[in-house]
$ cat query04.tsv   # TSV, C-alpha atoms and all ligand atoms
chain	number	residue	atom	x	y	z
L	853	MET	CA	11.47	-4.26	28.95
L	854	LYS	CA	7.86	-5.47	29.13
L	855	GLN	CA	6.02	-5.20	25.83
L	856	SER	CA	3.22	-2.66	26.02
L	857	LYS	CA	0.49	-3.76	23.63
L	858	THR	CA	-0.12	-6.47	21.06
L	859	ALA	CA	-0.65	-5.51	17.43
L	860	LEU	CA	-1.80	-7.91	14.75
L	861	ILE	CA	-0.76	-6.98	11.22
L	862	ILE	CA	-2.66	-8.91	8.56
L	863	GLY	CA	-0.48	-8.85	5.45
L	864	ILE	CA	2.97	-8.55	7.05
L	865	THR	CA	4.87	-9.22	3.79
L	866	SER	CA	3.50	-6.06	2.20
L	867	GLN	CA	5.30	-2.78	1.80
L	868	ASP	CA	3.09	-1.14	4.45
L	869	GLY	CA	2.90	-4.13	6.79
L	870	SER	CA	6.67	-4.37	7.00
L	871	TYR	CA	7.15	-0.64	7.66
L	872	LEU	CA	4.33	-0.72	10.20
L	873	ALA	CA	6.05	-3.59	12.03
L	874	ASP	CA	9.30	-1.59	12.10
L	875	PHE	CA	7.39	1.36	13.54
L	876	LEU	CA	5.47	-0.63	16.16
L	877	LEU	CA	8.64	-2.35	17.37
L	878	THR	CA	10.10	1.09	18.12
L	879	LYS	CA	7.01	1.65	20.29
L	880	ASN	CA	7.67	-1.61	22.14
L	881	TYR	CA	4.65	-3.48	20.78
L	882	LYS	CA	4.45	-7.24	20.62
L	883	VAL	CA	3.91	-7.66	16.87
L	884	VAL	CA	2.12	-10.61	15.33
L	885	GLY	CA	2.13	-10.65	11.54
L	886	THR	CA	0.21	-12.92	9.23
L	887	LEU	CA	1.21	-14.17	5.83
L	888	ARG	CA	-0.70	-16.42	3.49
L	889	ARG	CA	0.40	-19.94	2.76
L	890	SER	CA	3.02	-20.07	0.06
L	891	THR	CA	5.56	-22.53	-1.26
L	892	THR	CA	8.36	-20.02	-0.75
L	893	MET	CA	9.67	-18.97	2.63
L	894	HIS	CA	11.52	-15.98	1.22
L	895	HIS	CA	9.73	-12.71	1.84
L	896	GLU	CA	12.17	-9.93	1.17
L	897	ASN	CA	10.28	-7.17	3.00
L	898	ILE	CA	10.34	-9.06	6.31
L	899	GLU	CA	13.71	-10.81	6.25
L	900	HIS	CA	15.02	-8.22	8.72
L	901	LEU	CA	12.04	-8.82	11.05
L	902	LYS	CA	12.64	-12.52	11.59
L	903	GLY	CA	13.13	-13.23	15.28
L	904	LYS	CA	11.61	-9.87	16.24
L	905	ILE	CA	7.97	-10.60	15.49
L	906	ILE	CA	5.64	-13.61	15.64
L	907	ILE	CA	4.57	-14.96	12.26
L	908	GLU	CA	1.25	-16.75	11.79
L	909	SER	CA	-0.57	-17.98	8.73
L	910	ALA	CA	-3.95	-16.50	7.73
L	911	ASP	CA	-5.76	-15.80	4.51
L	912	LEU	CA	-8.41	-13.15	3.88
L	913	THR	CA	-10.49	-15.72	2.03
L	914	ASP	CA	-10.53	-18.04	5.06
L	915	SER	CA	-12.54	-16.85	8.09
L	916	GLU	CA	-11.36	-19.70	10.24
L	917	SER	CA	-7.71	-18.69	9.91
L	918	LEU	CA	-8.56	-15.10	10.88
L	919	ASN	CA	-10.76	-16.22	13.78
L	920	ASN	CA	-7.98	-18.46	15.09
L	921	VAL	CA	-5.27	-15.83	15.12
L	922	ILE	CA	-7.50	-13.14	16.65
L	923	GLN	CA	-8.77	-15.54	19.31
L	924	LYS	CA	-5.25	-16.74	20.12
L	925	TYR	CA	-3.51	-13.35	20.52
L	926	GLN	CA	-6.38	-11.08	21.68
L	927	PRO	CA	-4.65	-8.09	20.03
L	928	ASP	CA	-5.17	-4.53	21.24
L	929	GLU	CA	-4.84	-3.30	17.66
L	930	VAL	CA	-5.56	-5.05	14.37
L	931	TYR	CA	-4.22	-3.61	11.12
L	932	ASN	CA	-5.74	-5.10	8.00
L	933	ILE	CA	-3.16	-4.25	5.40
L	934	ALA	CA	-3.70	-7.28	3.14
L	935	ALA	CA	-5.59	-7.10	-0.14
L	936	GLN	CA	-5.47	-8.07	-3.77
L	937	SER	CA	-3.75	-4.73	-4.02
L	938	VAL	CA	-2.98	-4.32	-7.71
L	939	PRO	CA	-5.69	-2.26	-9.45
L	940	ALA	CA	-4.37	-3.23	-12.91
L	941	ASP	CA	-4.84	-6.94	-12.11
L	942	SER	CA	-8.37	-6.43	-10.85
L	943	TRP	CA	-9.87	-6.45	-14.37
L	944	ASN	CA	-8.43	-9.92	-14.97
L	945	GLN	CA	-9.43	-11.15	-11.52
L	946	PRO	CA	-12.67	-9.38	-10.61
L	947	PHE	CA	-14.09	-12.26	-8.56
L	948	TYR	CA	-10.90	-12.84	-6.61
L	949	THR	CA	-10.52	-9.09	-6.04
L	950	GLY	CA	-14.03	-9.02	-4.58
L	951	GLU	CA	-13.36	-12.06	-2.38
L	952	VAL	CA	-10.12	-10.70	-0.96
L	953	THR	CA	-10.36	-6.92	-1.11
L	954	ALA	CA	-14.09	-6.43	-0.45
L	955	LEU	CA	-15.12	-9.45	1.64
L	956	GLY	CA	-11.73	-10.08	3.28
L	957	PRO	CA	-11.98	-7.00	5.53
L	958	VAL	CA	-15.50	-8.00	6.57
L	959	ARG	CA	-14.12	-11.38	7.64
L	960	VAL	CA	-11.61	-9.47	9.78
L	961	PHE	CA	-14.30	-7.21	11.28
L	962	GLU	CA	-16.46	-10.26	12.06
L	963	ALA	CA	-13.56	-12.09	13.68
L	964	VAL	CA	-12.89	-9.05	15.88
L	965	ARG	CA	-16.59	-8.61	16.70
L	966	ARG	CA	-16.92	-12.23	17.77
L	967	PHE	CA	-13.60	-12.93	19.48
L	968	CYS	CA	-11.96	-9.66	20.50
L	969	PRO	CA	-14.53	-6.85	20.30
L	970	LYS	CA	-12.48	-4.29	22.21
L	971	ALA	CA	-9.65	-4.38	19.67
L	972	ARG	CA	-9.11	-1.24	17.62
L	973	VAL	CA	-9.06	-1.92	13.88
L	974	TYR	CA	-7.34	-0.14	11.01
L	975	GLN	CA	-8.61	-0.92	7.52
L	976	ALA	CA	-6.50	0.01	4.48
L	977	THR	CA	-8.87	1.95	2.29
L	978	SER	CA	-7.56	3.52	-0.92
L	979	ARG	CA	-7.98	6.73	-2.89
L	980	GLU	CA	-9.16	4.43	-5.68
L	981	ILE	CA	-12.61	4.56	-4.03
L	982	LEU	CA	-12.70	8.06	-5.60
L	983	GLY	CA	-11.26	7.00	-8.95
L	984	GLY	CA	-14.24	8.12	-11.05
L	985	VAL	CA	-14.89	11.43	-9.28
L	986	GLU	CA	-14.71	14.34	-11.75
L	987	GLY	CA	-14.13	18.02	-11.05
L	988	ILE	CA	-12.63	17.77	-7.55
L	989	GLU	CA	-8.98	18.69	-7.33
L	990	HIS	CA	-8.38	18.17	-3.59
L	991	ALA	CA	-10.14	15.15	-2.08
L	992	ASN	CA	-11.02	15.02	1.59
L	993	GLU	CA	-13.04	12.74	3.87
L	994	LYS	CA	-16.31	14.23	2.59
L	995	THR	CA	-15.63	13.64	-1.12
L	996	PRO	CA	-18.40	11.27	-2.34
L	997	ILE	CA	-17.25	7.76	-3.13
L	998	PHE	CA	-17.27	6.88	-6.83
L	999	ALA	CA	-14.90	4.10	-7.86
L	1000	ASN	CA	-14.31	3.12	-11.49
L	1001	ASN	CA	-12.37	-0.16	-11.44
L	1002	PRO	CA	-12.90	-3.55	-9.76
L	1003	TYR	CA	-10.20	-2.88	-7.15
L	1004	GLY	CA	-11.59	0.54	-6.24
L	1005	ILE	CA	-15.13	-0.81	-6.07
L	1006	ALA	CA	-14.01	-3.66	-3.78
L	1007	LYS	CA	-12.22	-1.14	-1.54
L	1008	ALA	CA	-15.32	1.07	-1.57
L	1009	TYR	CA	-17.48	-1.81	-0.29
L	1010	ALA	CA	-15.02	-2.53	2.52
L	1011	HIS	CA	-14.80	1.17	3.32
L	1012	MET	CA	-18.55	1.51	3.69
L	1013	MET	CA	-18.57	-1.55	5.96
L	1014	ILE	CA	-16.23	0.29	8.34
L	1015	ASP	CA	-18.95	2.79	9.20
L	1016	CYS	CA	-21.50	0.00	9.32
L	1017	TYR	CA	-19.45	-1.81	12.01
L	1018	ARG	CA	-18.90	1.42	13.93
L	1019	LYS	CA	-22.60	2.28	13.95
L	1020	SER	CA	-24.05	-1.22	14.28
L	1021	TYR	CA	-21.72	-2.61	16.94
L	1022	GLY	CA	-19.93	0.39	18.42
L	1023	MET	CA	-16.63	-1.05	17.22
L	1024	PHE	CA	-13.48	1.05	16.95
L	1025	VAL	CA	-12.67	0.81	13.24
L	1026	CYS	CA	-10.80	3.44	11.22
L	1027	GLY	CA	-10.35	3.71	7.48
L	1028	GLY	CA	-7.19	5.20	6.08
L	1029	ILE	CA	-8.06	6.73	2.70
L	1030	LEU	CA	-4.47	6.59	1.54
L	1031	PHE	CA	-3.23	8.14	-1.66
L	1032	ASN	CA	-0.40	6.34	-3.44
L	1033	HIS	CA	2.63	5.69	-1.29
L	1034	GLU	CA	5.84	4.15	-2.48
L	1035	SER	CA	9.25	3.05	-1.24
L	1036	PRO	CA	12.10	0.69	-2.04
L	1037	ARG	CA	9.78	-2.05	-0.66
L	1038	ARG	CA	7.08	-1.39	-3.28
L	1039	SER	CA	6.33	-4.40	-5.46
L	1040	LEU	CA	7.41	-4.37	-9.10
L	1041	HIS	CA	3.76	-4.47	-10.12
L	1042	PHE	CA	3.57	-0.73	-9.50
L	1043	VAL	CA	4.72	2.02	-11.82
L	1044	THR	CA	7.06	3.93	-9.49
L	1045	ARG	CA	9.10	0.81	-8.75
L	1046	LYS	CA	9.14	-0.11	-12.44
L	1047	ILE	CA	10.53	3.34	-13.18
L	1048	SER	CA	13.16	3.30	-10.42
L	1049	MET	CA	14.19	-0.27	-11.27
L	1050	GLY	CA	14.14	0.49	-15.01
L	1051	ALA	CA	16.35	3.56	-14.58
L	1052	ALA	CA	18.72	1.56	-12.36
L	1053	CYS	CA	18.93	-1.33	-14.88
L	1054	ILE	CA	19.63	1.04	-17.77
L	1055	LYS	CA	22.21	2.99	-15.76
L	1056	LEU	CA	24.04	-0.22	-14.84
L	1057	GLY	CA	23.63	-1.76	-18.32
L	1058	ILE	CA	21.91	-4.86	-16.87
L	1059	GLN	CA	21.42	-7.49	-19.62
L	1060	THR	CA	18.95	-9.74	-17.73
L	1061	PRO	CA	16.61	-7.39	-15.83
L	1062	PRO	CA	13.77	-8.49	-13.56
L	1063	ILE	CA	10.56	-9.35	-15.45
L	1064	ASN	CA	7.40	-7.25	-15.55
L	1065	GLU	CA	3.79	-8.38	-15.09
L	1066	LEU	CA	3.58	-9.41	-18.77
L	1067	GLY	CA	6.40	-11.89	-18.11
L	1068	GLN	CA	8.80	-9.82	-20.23
L	1069	PRO	CA	12.09	-8.22	-19.19
L	1070	LEU	CA	11.40	-4.88	-17.53
L	1071	VAL	CA	13.84	-3.30	-19.96
L	1072	ASP	CA	13.76	-4.82	-23.46
L	1073	SER	CA	16.75	-5.79	-25.62
L	1074	ASN	CA	16.71	-2.28	-27.14
L	1075	GLY	CA	17.13	-0.74	-23.70
L	1076	LYS	CA	13.52	0.51	-23.50
L	1077	LEU	CA	11.40	0.55	-20.35
L	1078	HIS	CA	7.75	-0.31	-21.11
L	1079	LEU	CA	5.05	1.59	-19.20
L	1080	GLY	CA	1.32	2.33	-19.56
L	1081	ASP	CA	-0.27	5.80	-19.73
L	1082	LEU	CA	2.52	8.36	-19.29
L	1083	ASN	CA	0.05	11.20	-18.76
L	1084	ALA	CA	-1.73	9.56	-15.83
L	1085	THR	CA	-1.19	11.42	-12.56
L	1086	ARG	CA	-0.85	10.36	-8.94
L	1087	ASP	CA	-0.33	11.87	-5.50
L	1088	TRP	CA	2.77	10.00	-4.33
L	1089	GLY	CA	4.08	9.96	-0.76
L	1090	TYR	CA	6.57	7.86	1.19
L	1091	ALA	CA	5.16	4.63	2.69
L	1092	LYS	CA	7.51	4.78	5.65
L	1093	GLU	CA	5.78	7.99	6.76
L	1094	TYR	CA	2.25	6.79	6.03
L	1095	VAL	CA	2.35	3.94	8.55
L	1096	ASP	CA	2.70	6.51	11.38
L	1097	ALA	CA	-0.72	7.84	10.38
L	1098	MET	CA	-2.25	4.35	10.64
L	1099	TRP	CA	-1.07	4.03	14.22
L	1100	LEU	CA	-2.10	7.59	15.12
L	1101	MET	CA	-5.66	6.89	13.93
L	1102	LEU	CA	-5.96	4.07	16.45
L	1103	GLN	CA	-4.72	6.24	19.35
L	1104	GLN	CA	-7.58	8.77	19.05
L	1105	GLU	CA	-10.58	8.99	21.35
L	1106	LYS	CA	-13.05	8.29	18.55
L	1107	PRO	CA	-12.72	6.14	15.42
L	1108	LYS	CA	-12.77	8.08	12.16
L	1109	ASP	CA	-11.61	7.90	8.57
L	1110	TYR	CA	-8.75	10.10	7.41
L	1111	VAL	CA	-7.31	11.09	4.04
L	1112	ILE	CA	-3.55	10.63	3.93
L	1113	GLY	CA	-1.69	12.16	0.98
L	1114	THR	CA	0.70	14.94	0.04
L	1115	ASN	CA	-1.86	17.27	-1.61
L	1116	THR	CA	0.32	17.32	-4.74
L	1117	SER	CA	0.13	15.34	-7.96
L	1118	TYR	CA	2.60	14.47	-10.67
L	1119	SER	CA	2.44	12.59	-13.97
L	1120	ILE	CA	4.18	9.33	-14.81
L	1121	LYS	CA	6.38	11.42	-17.11
L	1122	ASP	CA	7.42	13.54	-14.09
L	1123	ALA	CA	8.27	10.41	-12.10
L	1124	CYS	CA	10.38	9.15	-15.03
L	1125	ASP	CA	12.16	12.49	-15.17
L	1126	PHE	CA	12.90	12.44	-11.41
L	1127	ALA	CA	14.35	8.91	-11.54
L	1128	PHE	CA	16.30	9.08	-14.82
L	1129	SER	CA	17.73	12.57	-14.17
L	1130	HIS	CA	18.93	11.35	-10.79
L	1131	VAL	CA	21.26	8.89	-12.54
L	1132	GLY	CA	22.23	11.31	-15.33
L	1133	LEU	CA	19.89	9.94	-18.04
L	1134	ASN	CA	17.16	11.50	-20.19
L	1135	TRP	CA	13.97	9.47	-19.67
L	1136	GLU	CA	12.67	10.30	-23.15
L	1137	ASP	CA	15.51	8.23	-24.65
L	1138	HIS	CA	14.49	5.14	-22.67
L	1139	VAL	CA	10.74	4.99	-21.95
L	1140	VAL	CA	8.01	3.75	-24.33
L	1141	THR	CA	4.26	3.30	-23.96
L	1142	ASN	CA	3.14	-0.31	-24.27
L	1143	GLN	CA	-0.56	-0.59	-25.21
L	1144	ALA	CA	-0.81	-3.87	-23.27
L	1145	LEU	CA	-0.05	-1.97	-20.05
L	1146	LEU	CA	-2.84	0.61	-20.40
L	1147	ARG	CA	-5.69	0.32	-17.91
L	1148	PRO	CA	-9.18	-0.01	-19.47
L	1149	THR	CA	-10.17	3.07	-17.41
L	1150	GLU	CA	-7.87	5.57	-15.71
L	1151	ILE	CA	-8.62	7.29	-12.43
L	1152	THR	CA	-9.10	11.06	-12.47
L	1153	ASP	CA	-6.41	13.49	-11.33
L	1154	MET	CA	-6.77	14.22	-7.61
L	1155	LYS	CA	-4.67	15.32	-4.66
L	1156	GLY	CA	-5.09	14.06	-1.11
L	1157	ASP	CA	-5.99	16.91	1.23
L	1158	PHE	CA	-4.56	15.74	4.56
L	1159	SER	CA	-5.71	18.76	6.60
L	1160	LEU	CA	-7.93	16.73	8.94
L	1161	ALA	CA	-5.04	14.34	9.65
L	1162	GLU	CA	-2.74	17.29	10.28
L	1163	LYS	CA	-5.24	18.93	12.64
L	1164	GLU	CA	-6.33	15.86	14.61
L	1165	LEU	CA	-3.42	13.42	14.30
L	1166	GLY	CA	-0.58	15.91	13.99
L	1167	TRP	CA	0.49	14.07	10.82
L	1168	LYS	CA	1.86	15.58	7.64
L	1169	PRO	CA	4.07	14.27	4.82
L	1170	ARG	CA	7.78	15.06	4.76
L	1171	THR	CA	8.86	13.44	1.49
L	1172	TYR	CA	7.47	14.39	-1.93
L	1173	ALA	CA	7.61	12.73	-5.34
L	1174	LYS	CA	11.01	13.93	-6.55
L	1175	GLN	CA	12.92	12.94	-3.44
L	1176	LEU	CA	10.98	9.69	-3.24
L	1177	MET	CA	11.92	8.67	-6.79
L	1178	GLU	CA	15.53	9.50	-6.02
L	1179	ILE	CA	15.49	7.36	-2.86
L	1180	MET	CA	13.96	4.45	-4.81
L	1181	THR	CA	16.37	4.71	-7.75
L	1182	THR	CA	19.42	4.81	-5.50
L	1183	SER	CA	18.06	1.83	-3.58
L	1184	ASP	CA	17.46	-0.16	-6.79
L	1185	ILE	CA	21.00	0.44	-7.97
L	1186	GLU	CA	22.18	-1.02	-4.65
L	1187	TRP	CA	19.66	-3.87	-4.87
L	1188	LEU	CA	20.71	-4.94	-8.39
L	1189	THR	CA	24.36	-4.81	-7.42
L	1190	LYS	CA	23.81	-6.77	-4.18
L	1191	ASN	CA	21.73	-9.41	-5.92
L	1192	GLY	CA	24.27	-10.04	-8.66
L	1193	TYR	CA	22.32	-8.71	-11.65
L	1194	LYS	CA	24.54	-8.24	-14.71
L	1201	LIG	P1	1.30	-4.84	-1.10
L	1201	LIG	O1	2.76	-4.59	-0.82
L	1201	LIG	O2	0.87	-5.00	-2.51
L	1201	LIG	O3	0.89	-6.13	-0.27
L	1201	LIG	C1	-0.37	-6.73	-0.28
L	1201	LIG	C2	-0.40	-7.74	0.85
L	1201	LIG	O4	-1.63	-8.46	0.85
L	1201	LIG	C3	0.73	-8.79	0.77
L	1201	LIG	O5	1.22	-9.01	2.08
L	1201	LIG	C4	-0.02	-9.99	0.24
L	1201	LIG	O6	0.59	-11.22	0.55
L	1201	LIG	C5	-1.32	-9.84	0.99
L	1201	LIG	N1	-2.41	-10.65	0.46
L	1201	LIG	C6	-2.85	-10.70	-0.81
L	1201	LIG	N2	-3.88	-11.57	-0.90
L	1201	LIG	C7	-4.08	-12.06	0.33
L	1201	LIG	C8	-4.99	-12.99	0.89
L	1201	LIG	N3	-5.90	-13.63	0.14
L	1201	LIG	N4	-4.92	-13.26	2.23
L	1201	LIG	C9	-3.99	-12.65	3.00
L	1201	LIG	N5	-3.08	-11.78	2.53
L	1201	LIG	C10	-3.15	-11.48	1.21
L	1201	LIG	O7	0.42	-3.69	-0.42
L	1201	LIG	P2	0.83	-2.22	0.04
L	1201	LIG	O8	1.21	-1.41	-1.15
L	1201	LIG	O9	1.71	-2.29	1.21
L	1201	LIG	O10	-0.59	-1.67	0.49
L	1201	LIG	C11	-1.13	-2.07	1.74
L	1201	LIG	C12	-2.64	-1.94	1.71
L	1201	LIG	O11	-2.99	-0.59	1.44
L	1201	LIG	C13	-3.34	-2.76	0.67
L	1201	LIG	O12	-4.58	-3.14	1.20
L	1201	LIG	C14	-3.51	-1.80	-0.48
L	1201	LIG	O13	-4.60	-2.20	-1.30
L	1201	LIG	C15	-3.79	-0.52	0.27
L	1201	LIG	N6	-3.38	0.70	-0.40
L	1201	LIG	C16	-2.13	0.84	-0.88
L	1201	LIG	C17	-1.76	2.02	-1.47
L	1201	LIG	C18	-0.36	2.22	-1.99
L	1201	LIG	O14	-0.14	3.19	-2.72
L	1201	LIG	N7	0.60	1.40	-1.62
L	1201	LIG	C19	-2.65	3.09	-1.54
L	1201	LIG	C20	-3.91	2.93	-0.98
L	1201	LIG	C21	-4.26	1.74	-0.40
L	1201	LIG	P3	1.71	-11.91	-0.43
L	1201	LIG	O15	3.02	-11.29	-0.03
L	1201	LIG	O16	1.59	-13.33	-0.12
L	1201	LIG	O17	1.32	-11.56	-1.85
$ encode --input "query04.tsv" --output "structure tokens"
Amino acid sequence: MKQSKTALIIGITSQDGSYLADFLLTKNYKVVGTLRRSTTMHHENIEHLKGKIIIESADLTDSESLNNVIQKYQPDEVYNIAAQSVPADSWNQPFYTGEVTALGPVRVFEAVRRFCPKARVYQATSREILGGVEGIEHANEKTPIFANNPYGIAKAYAHMMIDCYRKSYGMFVCGGILFNHESPRRSLHFVTRKISMGAACIKLGIQTPPINELGQPLVDSNGKLHLGDLNATRDWGYAKEYVDAMWLMLQQEKPKDYVIGTNTSYSIKDACDFAFSHVGLNWEDHVVTNQALLRPTEITDMKGDFSLAEKELGWKPRTYAKQLMEIMTTSDIEWLTKNGYK
């Protein structure tokens, strides 16, 4: 069957990039995915995509690499998924976060403007652009931007450039203001995956668990899982469902920004409870707060009001936090077993 359209996914190794590729292949797209140069050729999230998509090399810090790939493939749709995506790391790497997460998208927009101006562009914005907003329980597209960490501020800059490119050049660029979304493909830098993996390790009695971002075993020799602020809250949805919304945004008549979330929020304690209970454990026996994992500033509690997306895109979430944590914990038990962890 002839392939319908060409989509370029910048950041194919990511959780979202890999699910988006799966989704676009079901729609018969020719999918080109970029990864950045690395000494390893193993990218777990895209192992199953090898042979089904075209892989190119590009880096958000390198305009030339973005220009080349956009010029070469003339994509109908460009999804910029890549970023220095870990808010907690952004305090240690504020310059790099700005280079990649703020300026990187502008390099993509410029490459499209110069070499493929008719392409429709999706930019991965984040709810962290609203991280410092107080007194608003349900955020929507009109909630004023107020970020309070280097990652959120970098995303806010890129987000504001979306509208600048729409208004200045008439380009079709959409921003997905996505609330947290998780899955078995989530990196271990993020709390939900730490919880699901931690619960799985403890359940299986794993003696040599994967390491955390401090370079220490995720579960210590006393069987304790180390986390940051247990009272912090998030609106968590399922990444596999959120990529549909990205595509839907680019199929509309006019480019717009949309909030994508579940309009619910839960604490880290709740997420621990969902994962540990699922495998018959009491999280309070196994989870400790590690001061070294606290963020210098937390984001405020907020839920993602997706009513515009529901009305205009026909999108709504189907999986909520409890079921999501259960899916992830089951998957991590399988993953540890398959990968020979003992
Ligand atoms: P992720 O799994 O953390 O992946 C980030 C991707 O960016 C990886 O493919 C990474 O490549 C790539 N990358 C990092 N630096 C790069 C650079 N200099 N040049 C090119 N690629 C680079 O991300 P995700 O969770 O799927 O999220 C996707 C996007 O949505 C990100 O922009 C993220 O900030 C944003 N977002 C995510 C959430 C969420 O809850 N997941 C919520 C809101 C917004 P390597 O594999 O080489 O590291």
$ closest_residue --input "query04.tsv" --among "L:Ala971, L:Leu1165, L:Leu1040, L:Ile864" --to "Gly1067 (chain L)" --atoms "all atoms listed in the file"
L:Leu1040
$ residues_near_ligand --input "query04.tsv" --ligand "ligand LIG 1201 (chain L)" --cutoff "8 Å" --atoms "all atoms listed in the file" --output "number ranges by chain"
L: 862-870, 886-890, 895, 910-914, 932-938, 952-953, 956, 975-980, 1007, 1028-1034, 1037-1039, 1088, 1091
$ closest_residue --input "query04.tsv" --among "L:Arg1147, L:His1130, L:Arg972, L:Arg1045" --to "Lys1106 (chain L)" --atoms "all atoms listed in the file"
L:Arg972
$ atom_distance --input "query04.tsv" --atom1 "CA of His900 (chain L)" --atom2 "CA of Glu1093 (chain L)"
18.8 Å
$ atom_distance --input "query04.tsv" --atom1 "CA of Lys1055 (chain L)" --atom2 "CA of Thr1116 (chain L)"
28.4 Å
$ atom_distance --input "query04.tsv" --atom1 "CA of Glu1105 (chain L)" --atom2 "CA of Leu876 (chain L)"
19.4 Å
$ residues_around --input "query04.tsv" --residues "region 1149-1153 of chain L" --least-positions-apart "5" --cutoff "6 Å" --atoms "only C-alpha atoms" --output "number ranges by chain"
L: 983-984, 1085
$ closest_residue --input "query04.tsv" --among "L:Leu1146, L:Cys1016, L:Pro957, L:Ser1035" --to "Asn897 (chain L)" --atoms "all atoms listed in the file"
L:Ser1035
$ residues_around --input "query04.tsv" --residues "region 919-923 of chain L" --least-positions-apart "2" --cutoff "7 Å" --atoms "all atoms listed in the file" --output "PyMOL selection string"
chain L and resi 915-917+925-927+963-964+967-968
$ closest_residue --input "query04.tsv" --among "L:Ile1005, L:Cys1026, L:Val1043, L:Leu918" --to "His1078 (chain L)" --atoms "all atoms listed in the file"
L:Val1043
$ closest_residue --input "query04.tsv" --among "L:Lys879, L:Arg965, L:Arg1170, L:Lys924" --to "Tyr1094 (chain L)" --atoms "all atoms listed in the file"
L:Arg1170
$ residues_around --input "query04.tsv" --residues "Lys1121 (chain L)" --least-positions-apart "2" --cutoff "12 Å" --atoms "only C-alpha atoms" --output "MDAnalysis selection string"
chainID L and resid 1043:1044 1047 1079:1086 1117:1119 1123:1129 1134:1136 1138:1141 1173:1174
$ closest_residue --input "query04.tsv" --among "L:Asn992, L:Asn880, L:Thr892, L:Gln945" --to "Asn1115 (chain L)" --atoms "all atoms listed in the file"
L:Asn992
